[in-house]
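J.: What follows is start.json, JSON, C-alpha atoms.
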[["chain", "number", "residue", "atom", "x", "y", "z"],
["A", 477, "MET", "CA", 24.49, 8.47, -9.84],
["A", 478, "ALA", "CA", 25.29, 6.11, -7.00],
["A", 479, "ARG", "CA", 22.51, 3.79, -5.98],
["A", 480, "GLY", "CA", 20.96, 4.26, -2.59],
["A", 481, "PRO", "CA", 17.86, 5.51, -0.79],
["A", 482, "ILE", "CA", 15.81, 8.46, -2.03],
["A", 483, "GLU", "CA", 17.06, 11.84, -0.83],
["A", 484, "GLY", "CA", 15.27, 15.11, -0.16],
["A", 485, "ARG", "CA", 11.71, 15.70, 0.99],
["A", 486, "ILE", "CA", 9.65, 12.54, 0.53],
["A", 487, "MET", "CA", 5.94, 11.81, 0.90],
["A", 488, "VAL", "CA", 4.80, 8.20, 1.35],
["A", 489, "VAL", "CA", 1.22, 7.52, 0.19],
["A", 490, "ALA", "CA", -1.22, 4.64, 0.65],
["A", 491, "PHE", "CA", -4.97, 4.24, 0.21],
["A", 492, "GLU", "CA", -7.40, 1.91, 1.96],
["A", 493, "GLY", "CA", -9.50, -0.09, -0.46],
["A", 494, "TRP", "CA", -8.75, -1.69, -3.81],
["A", 495, "THR", "CA", -4.98, -1.12, -3.59],
["A", 496, "ASP", "CA", -4.71, -2.26, 0.03],
["A", 497, "ALA", "CA", -5.02, -6.05, 0.00],
["A", 498, "GLY", "CA", -4.77, -7.44, 3.51],
["A", 499, "ASP", "CA", -4.55, -3.87, 4.86],
["A", 500, "ALA", "CA", -0.85, -4.22, 4.07],
["A", 501, "ALA", "CA", -0.14, -0.91, 2.32],
["A", 502, "SER", "CA", -1.98, 1.31, 4.79],
["A", 503, "GLY", "CA", -0.55, -0.77, 7.63],
["A", 504, "ALA", "CA", 3.01, -0.21, 6.43],
["A", 505, "VAL", "CA", 2.54, 3.53, 6.03],
["A", 506, "ARG", "CA", 0.92, 3.83, 9.45],
["A", 507, "ARG", "CA", 3.96, 2.04, 10.92],
["A", 508, "LEU", "CA", 6.13, 4.69, 9.28],
["A", 509, "ILE", "CA", 3.91, 7.46, 10.69],
["A", 510, "ASP", "CA", 4.21, 6.05, 14.21],
["A", 511, "ALA", "CA", 7.95, 5.36, 13.94],
["A", 512, "CYS", "CA", 8.77, 8.89, 12.77],
["A", 513, "ALA", "CA", 6.28, 10.58, 15.10],
["A", 514, "LEU", "CA", 4.50, 12.27, 12.21],
["A", 515, "GLU", "CA", 1.40, 14.27, 13.08],
["A", 516, "PRO", "CA", -1.63, 15.24, 10.96],
["A", 517, "PHE", "CA", -1.60, 18.74, 9.52],
["A", 518, "ASP", "CA", -4.06, 18.68, 6.60],
["A", 519, "GLU", "CA", -6.80, 16.56, 5.04],
["A", 520, "ILE", "CA", -8.83, 16.10, 1.90],
["A", 521, "GLU", "CA", -12.52, 16.16, 2.84],
["A", 522, "PRO", "CA", -14.37, 13.03, 1.68],
["A", 523, "ASP", "CA", -17.79, 14.32, 0.56],
["A", 524, "GLU", "CA", -16.83, 15.12, -3.02],
["A", 525, "PHE", "CA", -14.65, 12.06, -3.58],
["A", 526, "VAL", "CA", -15.66, 9.04, -1.45],
["A", 527, "ASP", "CA", -18.54, 6.61, -1.95],
["A", 528, "PHE", "CA", -19.74, 6.08, 1.61],
["A", 529, "ALA", "CA", -21.43, 2.81, 0.64],
["A", 530, "MET", "CA", -17.91, 1.45, 0.03],
["A", 531, "HIS", "CA", -16.02, 3.34, 2.75],
["A", 532, "ARG", "CA", -18.58, 3.76, 5.50],
["A", 533, "PRO", "CA", -18.13, 6.22, 8.36],
["A", 534, "VAL", "CA", -17.44, 4.66, 11.75],
["A", 535, "VAL", "CA", -19.27, 5.54, 14.97],
["A", 536, "ARG", "CA", -17.19, 5.56, 18.15],
["A", 537, "THR", "CA", -17.84, 6.24, 21.84],
["A", 538, "LEU", "CA", -15.60, 8.97, 23.21],
["A", 539, "GLU", "CA", -14.10, 9.13, 26.71],
["A", 540, "ASP", "CA", -16.93, 11.35, 27.94],
["A", 541, "GLY", "CA", -19.50, 8.80, 26.76],
["A", 542, "THR", "CA", -20.74, 10.71, 23.72],
["A", 543, "ARG", "CA", -20.90, 9.03, 20.33],
["A", 544, "ALA", "CA", -19.19, 10.56, 17.32],
["A", 545, "LEU", "CA", -18.69, 9.76, 13.66],
["A", 546, "GLN", "CA", -15.29, 9.24, 12.10],
["A", 547, "TRP", "CA", -15.44, 9.98, 8.36],
["A", 548, "PRO", "CA", -13.12, 8.28, 5.84],
["A", 549, "SER", "CA", -10.97, 11.30, 5.04],
["A", 550, "THR", "CA", -7.48, 11.46, 3.55],
["A", 551, "ILE", "CA", -5.04, 12.70, 6.19],
["A", 552, "ALA", "CA", -1.63, 14.25, 5.47],
["A", 553, "TYR", "CA", 1.11, 13.94, 8.10],
["A", 554, "ALA", "CA", 4.25, 16.02, 8.65],
["A", 555, "PRO", "CA", 7.37, 15.70, 10.85],
["A", 556, "THR", "CA", 7.25, 17.51, 14.17],
["A", 557, "ARG", "CA", 10.64, 16.69, 15.71],
["A", 558, "PRO", "CA", 13.14, 16.97, 12.85],
["A", 559, "SER", "CA", 16.24, 16.34, 14.93],
["A", 560, "ALA", "CA", 14.88, 13.93, 17.53],
["A", 561, "ARG", "CA", 16.02, 10.33, 17.87],
["A", 562, "LYS", "CA", 13.57, 8.36, 19.95],
["A", 563, "ALA", "CA", 13.77, 4.74, 21.05],
["A", 564, "LEU", "CA", 10.47, 3.34, 19.80],
["A", 565, "ALA", "CA", 11.18, -0.29, 20.65],
["A", 566, "ALA", "CA", 13.52, -0.21, 23.62],
["A", 567, "ASP", "CA", 12.86, -3.85, 24.44],
["A", 568, "ALA", "CA", 14.21, -4.80, 21.01],
["A", 569, "GLY", "CA", 17.01, -2.24, 21.05],
["A", 570, "LEU", "CA", 15.67, -0.44, 18.00],
["A", 571, "ASP", "CA", 15.80, 3.30, 17.42],
["A", 572, "VAL", "CA", 14.51, 5.37, 14.54],
["A", 573, "SER", "CA", 17.60, 6.42, 12.60],
["A", 574, "SER", "CA", 17.31, 8.13, 9.29],
["A", 575, "GLY", "CA", 19.42, 10.13, 6.90],
["A", 576, "ASN", "CA", 16.11, 11.67, 5.83],
["A", 577, "GLU", "CA", 14.97, 12.43, 9.37],
["A", 578, "GLY", "CA", 12.71, 15.46, 9.35],
["A", 579, "GLU", "CA", 12.16, 15.15, 5.61],
["A", 580, "LEU", "CA", 9.51, 12.42, 5.63],
["A", 581, "PHE", "CA", 5.81, 13.18, 5.12],
["A", 582, "ALA", "CA", 2.91, 10.76, 4.69],
["A", 583, "LEU", "CA", -0.64, 10.67, 3.34],
["A", 584, "VAL", "CA", -3.11, 7.88, 3.97],
["A", 585, "GLY", "CA", -6.88, 7.51, 3.71],
["A", 586, "ALA", "CA", -9.82, 6.04, 1.86],
["A", 587, "GLU", "CA", -9.36, 5.56, -1.87],
["A", 588, "PRO", "CA", -11.47, 8.15, -3.72],
["A", 589, "SER", "CA", -14.26, 6.72, -5.86],
["A", 590, "ARG", "CA", -15.05, 9.74, -8.03],
["A", 591, "ASN", "CA", -13.82, 13.13, -9.26],
["A", 592, "TRP", "CA", -10.24, 11.94, -9.57],
["A", 593, "THR", "CA", -9.09, 15.03, -11.47],
["A", 594, "ALA", "CA", -10.27, 17.35, -8.70],
["A", 595, "TYR", "CA", -8.82, 15.00, -6.10],
["A", 596, "ALA", "CA", -5.45, 15.06, -7.87],
["A", 597, "ALA", "CA", -5.50, 18.87, -7.81],
["A", 598, "GLU", "CA", -6.07, 18.91, -4.03],
["A", 599, "PHE", "CA", -3.41, 16.28, -3.56],
["A", 600, "LEU", "CA", -0.86, 18.31, -5.53],
["A", 601, "GLU", "CA", -1.72, 21.42, -3.54],
["A", 602, "ILE", "CA", -0.72, 19.61, -0.35],
["A", 603, "VAL", "CA", 2.41, 18.18, -1.97],
["A", 604, "ARG", "CA", 3.55, 21.56, -3.30],
["A", 605, "GLY", "CA", 2.86, 23.20, 0.06],
["A", 606, "CYS", "CA", 5.26, 20.73, 1.69],
["A", 607, "GLU", "CA", 7.86, 21.25, -1.06],
["A", 608, "ILE", "CA", 7.92, 17.52, -1.69],
["A", 609, "GLU", "CA", 10.59, 16.34, -4.13],
["A", 610, "SER", "CA", 9.70, 12.64, -4.34],
["A", 611, "ILE", "CA", 6.59, 10.55, -3.67],
["A", 612, "VAL", "CA", 6.52, 6.83, -2.89],
["A", 613, "PHE", "CA", 3.16, 5.17, -3.55],
["A", 614, "VAL", "CA", 2.63, 1.96, -1.55],
["A", 615, "GLY", "CA", 0.12, -0.69, -2.61],
["A", 616, "ALA", "CA", -0.79, -4.33, -2.05],
["A", 617, "MET", "CA", -2.60, -6.57, -4.53],
["A", 618, "LEU", "CA", -4.26, -9.97, -4.38],
["A", 619, "ALA", "CA", -2.22, -12.49, -6.34],
["A", 620, "ASP", "CA", -1.75, -16.19, -7.02],
["A", 621, "VAL", "CA", 0.99, -16.62, -4.40],
["A", 622, "PRO", "CA", 1.35, -19.02, -1.46],
["A", 623, "HIS", "CA", 1.23, -17.77, 2.13],
["A", 624, "THR", "CA", 4.07, -20.15, 3.03],
["A", 625, "ARG", "CA", 6.73, -18.29, 1.05],
["A", 626, "PRO", "CA", 8.24, -14.81, 1.48],
["A", 627, "ILE", "CA", 5.94, -12.03, 0.27],
["A", 628, "SER", "CA", 7.06, -10.71, -3.13],
["A", 629, "THR", "CA", 7.52, -6.98, -3.57],
["A", 630, "SER", "CA", 8.19, -4.90, -6.66],
["A", 631, "ILE", "CA", 9.38, -1.33, -7.19],
["A", 632, "THR", "CA", 8.96, 0.69, -10.39],
["A", 633, "SER", "CA", 9.43, 4.34, -11.25],
["A", 634, "ASP", "CA", 8.71, 6.67, -14.15],
["A", 635, "SER", "CA", 11.49, 8.98, -12.96],
["A", 636, "ARG", "CA", 14.88, 8.37, -14.55],
["A", 637, "GLU", "CA", 16.58, 9.80, -11.49],
["A", 638, "LEU", "CA", 14.84, 7.36, -9.15],
["A", 639, "GLN", "CA", 15.30, 4.50, -11.60],
["A", 640, "SER", "CA", 19.04, 5.09, -11.39],
["A", 641, "ARG", "CA", 19.16, 5.68, -7.65],
["A", 642, "LEU", "CA", 16.95, 2.71, -6.69],
["A", 643, "GLY", "CA", 18.13, 0.41, -9.46],
["A", 644, "VAL", "CA", 14.61, -0.18, -10.79],
["A", 645, "LEU", "CA", 12.80, 0.01, -14.12],
["A", 646, "GLN", "CA", 9.78, 1.82, -15.46],
["A", 647, "SER", "CA", 6.51, -0.11, -15.47],
["A", 648, "GLU", "CA", 5.56, -1.42, -18.90],
["A", 649, "TYR", "CA", 1.91, -1.92, -17.97],
["A", 650, "GLU", "CA", -0.76, -0.47, -20.26],
["A", 651, "GLY", "CA", -4.47, -0.70, -19.52],
["A", 652, "PRO", "CA", -7.04, 0.18, -16.84],
["A", 653, "THR", "CA", -5.47, 1.72, -13.78],
["A", 654, "GLY", "CA", -6.18, 3.27, -10.39],
["A", 655, "ILE", "CA", -5.92, 6.48, -8.43],
["A", 656, "MET", "CA", -2.26, 6.05, -7.54],
["A", 657, "THR", "CA", -1.27, 6.04, -11.22],
["A", 658, "VAL", "CA", -3.41, 9.13, -11.76],
["A", 659, "LEU", "CA", -1.65, 10.92, -8.90],
["A", 660, "SER", "CA", 1.77, 9.65, -9.96],
["A", 661, "LEU", "CA", 1.43, 10.98, -13.50],
["A", 662, "ALA", "CA", 0.08, 14.30, -12.21],
["A", 663, "ALA", "CA", 3.06, 14.59, -9.87],
["A", 664, "GLN", "CA", 5.49, 13.72, -12.65],
["A", 665, "GLU", "CA", 3.98, 16.47, -14.81],
["A", 666, "ALA", "CA", 4.53, 18.86, -11.90],
["A", 667, "GLY", "CA", 8.21, 17.95, -11.76],
["A", 668, "ILE", "CA", 7.99, 15.65, -8.73],
["A", 669, "HIS", "CA", 9.74, 12.26, -8.83],
["A", 670, "THR", "CA", 7.59, 9.21, -8.09],
["A", 671, "ALA", "CA", 8.09, 5.53, -7.38],
["A", 672, "SER", "CA", 5.65, 2.70, -6.66],
["A", 673, "LEU", "CA", 6.15, -0.13, -4.17],
["A", 674, "TRP", "CA", 3.80, -3.12, -4.35],
["A", 675, "ALA", "CA", 3.41, -6.37, -2.43],
["A", 676, "SER", "CA", 1.51, -9.47, -3.51],
["A", 677, "VAL", "CA", -0.93, -10.99, -0.99],
["A", 678, "PRO", "CA", -2.39, -14.51, -1.24],
["A", 679, "HIS", "CA", -5.85, -14.04, -2.74],
["A", 680, "TYR", "CA", -7.37, -16.99, -0.90],
["A", 681, "VAL", "CA", -7.11, -15.09, 2.43],
["A", 682, "HIS", "CA", -8.33, -11.74, 1.10],
["A", 683, "ASN", "CA", -10.74, -11.08, 4.00],
["A", 684, "ALA", "CA", -8.05, -11.01, 6.70],
["A", 685, "PRO", "CA", -5.25, -8.53, 7.47],
["A", 686, "ALA", "CA", -1.87, -9.82, 6.26],
["A", 687, "PRO", "CA", 0.89, -8.85, 8.73],
["A", 688, "LYS", "CA", 3.43, -10.83, 6.71],
["A", 689, "ALA", "CA", 2.83, -8.48, 3.78],
["A", 690, "VAL", "CA", 3.13, -5.46, 6.07],
["A", 691, "ILE", "CA", 6.59, -6.68, 7.11],
["A", 692, "ALA", "CA", 7.65, -7.10, 3.48],
["A", 693, "LEU", "CA", 6.51, -3.57, 2.61],
["A", 694, "VAL", "CA", 8.09, -2.06, 5.74],
["A", 695, "ASP", "CA", 11.42, -3.71, 4.90],
["A", 696, "ARG", "CA", 11.50, -2.36, 1.34],
["A", 697, "LEU", "CA", 10.13, 1.04, 2.36],
["A", 698, "SER", "CA", 12.83, 1.36, 5.00],
["A", 699, "GLU", "CA", 15.48, 0.87, 2.34],
["A", 700, "MET", "CA", 13.86, 3.32, -0.06],
["A", 701, "VAL", "CA", 13.50, 6.24, 2.36],
["A", 702, "ASP", "CA", 16.44, 5.45, 4.67],
["A", 703, "VAL", "CA", 14.59, 5.01, 7.94],
["A", 704, "THR", "CA", 14.46, 2.11, 10.39],
["A", 705, "ILE", "CA", 10.88, 1.21, 11.27],
["A", 706, "PRO", "CA", 10.50, -1.07, 14.33],
["A", 707, "LEU", "CA", 8.36, -4.09, 13.58],
["A", 708, "GLY", "CA", 7.04, -4.42, 17.11],
["A", 709, "ASP", "CA", 4.53, -7.29, 17.33],
["A", 710, "LEU", "CA", 4.32, -7.75, 13.55],
["A", 711, "VAL", "CA", 6.65, -10.76, 13.58],
["A", 712, "GLU", "CA", 4.50, -12.58, 16.13],
["A", 713, "GLN", "CA", 1.32, -11.62, 14.27],
["A", 714, "SER", "CA", 2.81, -12.88, 11.02],
["A", 715, "GLY", "CA", 3.58, -16.27, 12.56],
["A", 716, "GLU", "CA", 0.04, -16.54, 13.94],
["A", 717, "TRP", "CA", -1.39, -15.51, 10.55],
["A", 718, "GLU", "CA", 0.54, -18.23, 8.74],
["A", 719, "ARG", "CA", -0.26, -20.91, 11.32],
["A", 720, "GLY", "CA", -3.95, -20.00, 11.20],
["A", 721, "ILE", "CA", -4.05, -20.43, 7.42],
["A", 722, "ASP", "CA", -2.19, -23.74, 7.73],
["A", 723, "GLU", "CA", -4.83, -25.02, 10.14],
["A", 724, "LEU", "CA", -7.67, -24.04, 7.82],
["A", 725, "THR", "CA", -6.12, -25.50, 4.68],
["A", 726, "GLU", "CA", -5.14, -28.71, 6.45],
["A", 727, "ARG", "CA", -8.84, -29.66, 6.49],
["A", 728, "ASP", "CA", -9.34, -28.88, 2.78],
["A", 729, "ASP", "CA", -7.65, -31.28, 0.36],
["A", 730, "ASP", "CA", -8.40, -29.17, -2.71],
["A", 731, "MET", "CA", -7.04, -25.99, -1.14],
["A", 732, "ARG", "CA", -3.96, -27.81, 0.13],
["A", 733, "ALA", "CA", -3.28, -29.13, -3.37],
["A", 734, "TYR", "CA", -3.82, -25.68, -4.86],
["A", 735, "ILE", "CA", -1.37, -24.09, -2.43],
["A", 736, "GLY", "CA", 1.11, -26.85, -3.24],
["A", 737, "LYS", "CA", 0.98, -25.85, -6.91],
["A", 738, "LEU", "CA", 1.53, -22.22, -5.97],
["A", 739, "GLU", "CA", 4.55, -23.27, -3.90],
["A", 740, "GLU", "CA", 5.99, -25.17, -6.86],
["A", 741, "GLN", "CA", 5.53, -22.15, -9.11],
["A", 742, "ARG", "CA", 7.13, -19.84, -6.58],
["A", 743, "ASP", "CA", 10.07, -22.15, -5.96],
["A", 744, "ALA", "CA", 10.73, -22.26, -9.70],
["A", 745, "VAL", "CA", 11.51, -18.54, -9.57],
["A", 746, "GLU", "CA", 15.20, -18.52, -8.73],
["A", 747, "SER", "CA", 16.35, -14.91, -9.08],
["A", 748, "PRO", "CA", 15.19, -11.55, -7.64],
["A", 749, "GLU", "CA", 14.92, -10.24, -11.20],
["A", 750, "ALA", "CA", 12.55, -13.04, -12.12],
["A", 751, "SER", "CA", 10.50, -12.39, -8.99],
["A", 752, "GLY", "CA", 10.13, -8.74, -9.91],
["A", 753, "GLU", "CA", 9.06, -9.61, -13.41],
["A", 754, "ALA", "CA", 6.58, -12.16, -12.11],
["A", 755, "ILE", "CA", 4.89, -9.71, -9.76],
["A", 756, "ALA", "CA", 4.75, -7.11, -12.53],
["A", 757, "HIS", "CA", 2.92, -9.57, -14.76],
["A", 758, "GLU", "CA", 0.65, -10.53, -11.86],
["A", 759, "PHE", "CA", -0.19, -6.86, -11.31],
["A", 760, "GLU", "CA", -1.17, -6.50, -14.98],
["A", 761, "ARG", "CA", -3.45, -9.54, -14.68],
["A", 762, "PHE", "CA", -4.93, -8.14, -11.47],
["A", 763, "LEU", "CA", -5.83, -4.82, -13.12],
["A", 764, "ARG", "CA", -7.25, -6.45, -16.26],
["A", 765, "ASP", "CA", -9.34, -8.88, -14.21],
["A", 766, "GLU", "CA", -10.75, -6.00, -12.19],
["A", 767, "SER", "CA", -11.61, -4.00, -15.31],
["A", 768, "SER", "CA", -13.58, -6.92, -16.73],
["A", 769, "ARG", "CA", -15.78, -7.31, -13.65],
["A", 770, "PRO", "CA", -19.28, -5.83, -14.03],
["A", 771, "SER", "CA", -20.07, -2.61, -12.16],
["A", 772, "GLN", "CA", -22.36, -2.85, -9.13],
["A", 773, "ASP", "CA", -23.66, 0.65, -9.73],
["A", 774, "PRO", "CA", -27.01, 0.57, -11.56],
["A", 775, "LYS", "CA", -26.10, 3.71, -13.51],
["A", 776, "GLY", "CA", -22.76, 2.31, -14.55],
["A", 777, "ASP", "CA", -20.97, 5.41, -13.25],
["A", 778, "GLU", "CA", -18.81, 3.83, -10.59],
["A", 779, "PRO", "CA", -16.22, 1.06, -11.09],
["A", 780, "ASP", "CA", -16.40, -2.06, -9.02],
["A", 781, "ASP", "CA", -13.45, -1.76, -6.70],
["A", 782, "ALA", "CA", -14.01, -4.99, -4.81],
["A", 783, "PRO", "CA", -11.03, -7.37, -4.95],
["A", 784, "PRO", "CA", -11.42, -10.66, -6.83],
["A", 785, "ALA", "CA", -12.95, -13.55, -4.93],
["A", 786, "PRO", "CA", -10.89, -16.62, -3.99],
["A", 787, "PRO", "CA", -11.21, -19.79, -6.10],
["A", 788, "VAL", "CA", -14.05, -22.13, -5.30]]
Output the file's structure as structure tokens, nothing else.
T.:
Amino acid sequence: MARGPIEGRIMVVAFEGWTDAGDAASGAVRRLIDACALEPFDEIEPDEFVDFAMHRPVVRTLEDGTRALQWPSTIAYAPTRPSARKALAADAGLDVSSGNEGELFALVGAEPSRNWTAYAAEFLEIVRGCEIESIVFVGAMLADVPHTRPISTSITSDSRELQSRLGVLQSEYEGPTGIMTVLSLAAQEAGIHTASLWASVPHYVHNAPAPKAVIALVDRLSEMVDVTIPLGDLVEQSGEWERGIDELTERDDDMRAYIGKLEEQRDAVESPEASGEAIAHEFERFLRDESSRPSQDPKGDEPDDAPPAPPV
């Protein structure tokens, strides 16, 4: 099979929370939703699945002055204009152009904290209803990487067809895992191809959105699903993000030295293959570190999904 983007009906999935360092994964998928003019058509209600102490509802003031709650649901999006071609960034001369136009769906929302088996069943019901053939899971993890270098991304797949088409390998990771692996394996068992796209985000800036990581994910996602996603103001935001970190670290000798070591390590990686292997190993360390952290739930029923803290 010739290598190229994924074909057929595709759903792109991201969750806010543990797998969304720097809001990069959800940010990339929301860019896709906006670019392709996808609109919500279904949702997974949060009550049975979400810990509201971790994903709190948000109160907003509506146009008529009333206050309303916005609950952290999982929203599924579908195409509404399958043949349309709309200039989404006229000032930059960019149009949405896709060989998969009209075949792209998306799902994004709060990462479920409990009842994953039941959640997977509801997820698959939505996927089957859309006749989805392939799912791309998008994630971002905190890693020992410098903010001054390009953001590393990695793609893996358990589907031999997608491995061949995308030119990627199956993940060799074994150990504690998250909801996206649960959903991926459930989809595979249902005969749906899956692939995972991950970006590494500097862990020492874990409290701030990372537009540079959003750009990296958007670029790779565009290649995978054959759609051009306008970056809009992301490039400017990325420059401001990097300059802001530079200003903070300039006043901290220890942090500046630490980042210098990360830069040396990154520069020693000379090939794309080595970069992919490095991020895969970093992902394994990330998951193992998370599994070793003590639970904050007094009953011990809920895992601690908080990302690791930066070095002191």
J.: Between A:Gly654, A:Leu693, A:His623, A:Gln741, which one has atoms that come closest to A:Ala501, using all atoms listed in the file?
T.: A:Leu693
J.: How far is it from atom CA of A:Asp729 to atom CA of A:Asn683, in Å with one decimal?
T.: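 These atoms are spaced 20.8 Å apart.
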J.: Which one is closest to A:Gln646: A:Ala554, A:Ile627, A:Val489, A:Ala671? Count only C-alpha atoms.
T.: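 Once distances to A:Gln646 are computed over only C-alpha atoms, the minimum belongs to A:Ala671.
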J.: Under the rule that all atoms listed in the file are counted, which of A:Ile551, A:Val681, A:Ile486, A:Ala513 is the nearest residue to A:Leu724?
T.: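 Among A:Ile551, A:Val681, A:Ile486, A:Ala513, it is A:Val681 that comes nearest to A:Leu724.
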J.: What is the distance, in Å and to one decimal place, between atom CA of A:Tyr595 and atom CA of A:Gln639?
T.: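 Taking atom CA of A:Tyr595 as the start and atom CA of A:Gln639 as the end point, the length is 26.9 Å.
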J.: With all atoms listed in the file as the counted atoms, please give the residues lying no more than 9 Å from A:Ala596, apart from itself and same-chain residues fewer than 5 positions off, as number ranges by chain.
T.: A: 591, 601, 655, 658-659, 662-663
J.: Store the residues picked out above in a file with C-alpha atoms, as a PDB file, keeping the file's coordinate frame.
T.:
ATOM      1  CA  ASN A 591     -13.820  13.130  -9.260  1.00  0.00           C
ATOM      2  CA  GLU A 601      -1.720  21.420  -3.540  1.00  0.00           C
ATOM      3  CA  ILE A 655      -5.920   6.480  -8.430  1.00  0.00           C
ATOM      4  CA  VAL A 658      -3.410   9.130 -11.760  1.00  0.00           C
ATOM      5  CA  LEU A 659      -1.650  10.920  -8.900  1.00  0.00           C
ATOM      6  CA  ALA A 662       0.080  14.300 -12.210  1.00  0.00           C
ATOM      7  CA  ALA A 663       3.060  14.590  -9.870  1.00  0.00           C
TER       8      ALA A 663
END
J.: Please provide as an MDAnalysis selection string all residues within 8 Å of A:Arg485, with the sequence filter that same-chain residues fewer than 5 positions apart are discarded (counting all atoms listed in the file).
T.: chainID A and resid 576 579:581 607:610
J.: Work out how far apart atom CA of A:Leu697 and atom CA of A:Arg604 are and give it in Å to one decimal.
T.: 22.3 Å
J.: List as a PyMOL selection string the protein and nucleic acid residues near A:Gly503, meaning an atom at most 7 Å away when all atoms listed in the file are counted, but skip any in the same chain fewer than 4 places from it.
T.: chain A and resi 499+507+690
J.: I need the chosen residues saved as an mmCIF file, in the frame of the given file, with C-alpha atoms.
T.:
data_model
loop_
_atom_site.group_PDB
_atom_site.id
_atom_site.type_symbol
_atom_site.label_atom_id
_atom_site.label_comp_id
_atom_site.auth_asym_id
_atom_site.auth_seq_id
_atom_site.Cartn_x
_atom_site.Cartn_y
_atom_site.Cartn_z
ATOM 1 C CA ASP A 499 -4.550 -3.870 4.860
ATOM 2 C CA ARG A 507 3.960 2.040 10.920
ATOM 3 C CA VAL A 690 3.130 -5.460 6.070
#
J.: Just checking: using all atoms listed in the file, which residue out of A:Ala552, A:Met530, A:Val694, A:Leu600 ends up closest to A:Gly708?
T.: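 The closest residue to A:Gly708 is A:Val694.
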J.: Measuring atom to atom with all atoms listed in the file, identify which of A:Val701, A:Cys512, A:Leu645, A:Ile631 is nearest to A:Leu673.
T.: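 Using all atoms listed in the file, A:Leu673 sits closest to A:Ile631.
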J.: So that I can check the surroundings of A:Val614, please list as a count of residues only every protein, DNA and RNA residue that reaches within 12 Å of it, counting only C-alpha atoms and ignoring chain neighbours fewer than 6 positions away.
T.: 44
J.: From the set A:Ser633, A:Ala666, A:Trp547, A:Val644, which residue has the shortest atom-to-atom contact distance to A:Ala597, counting all atoms listed in the file?
T.: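 For A:Ala597, the nearest of the given residues is A:Ala666.
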J.: Extract, using all atoms listed in the file, all DNA, RNA and protein residues at most 10 Å from A:Glu637, discarding same-chain residues fewer than 6 positions from it, and format them as a count of residues only.
T.: 5
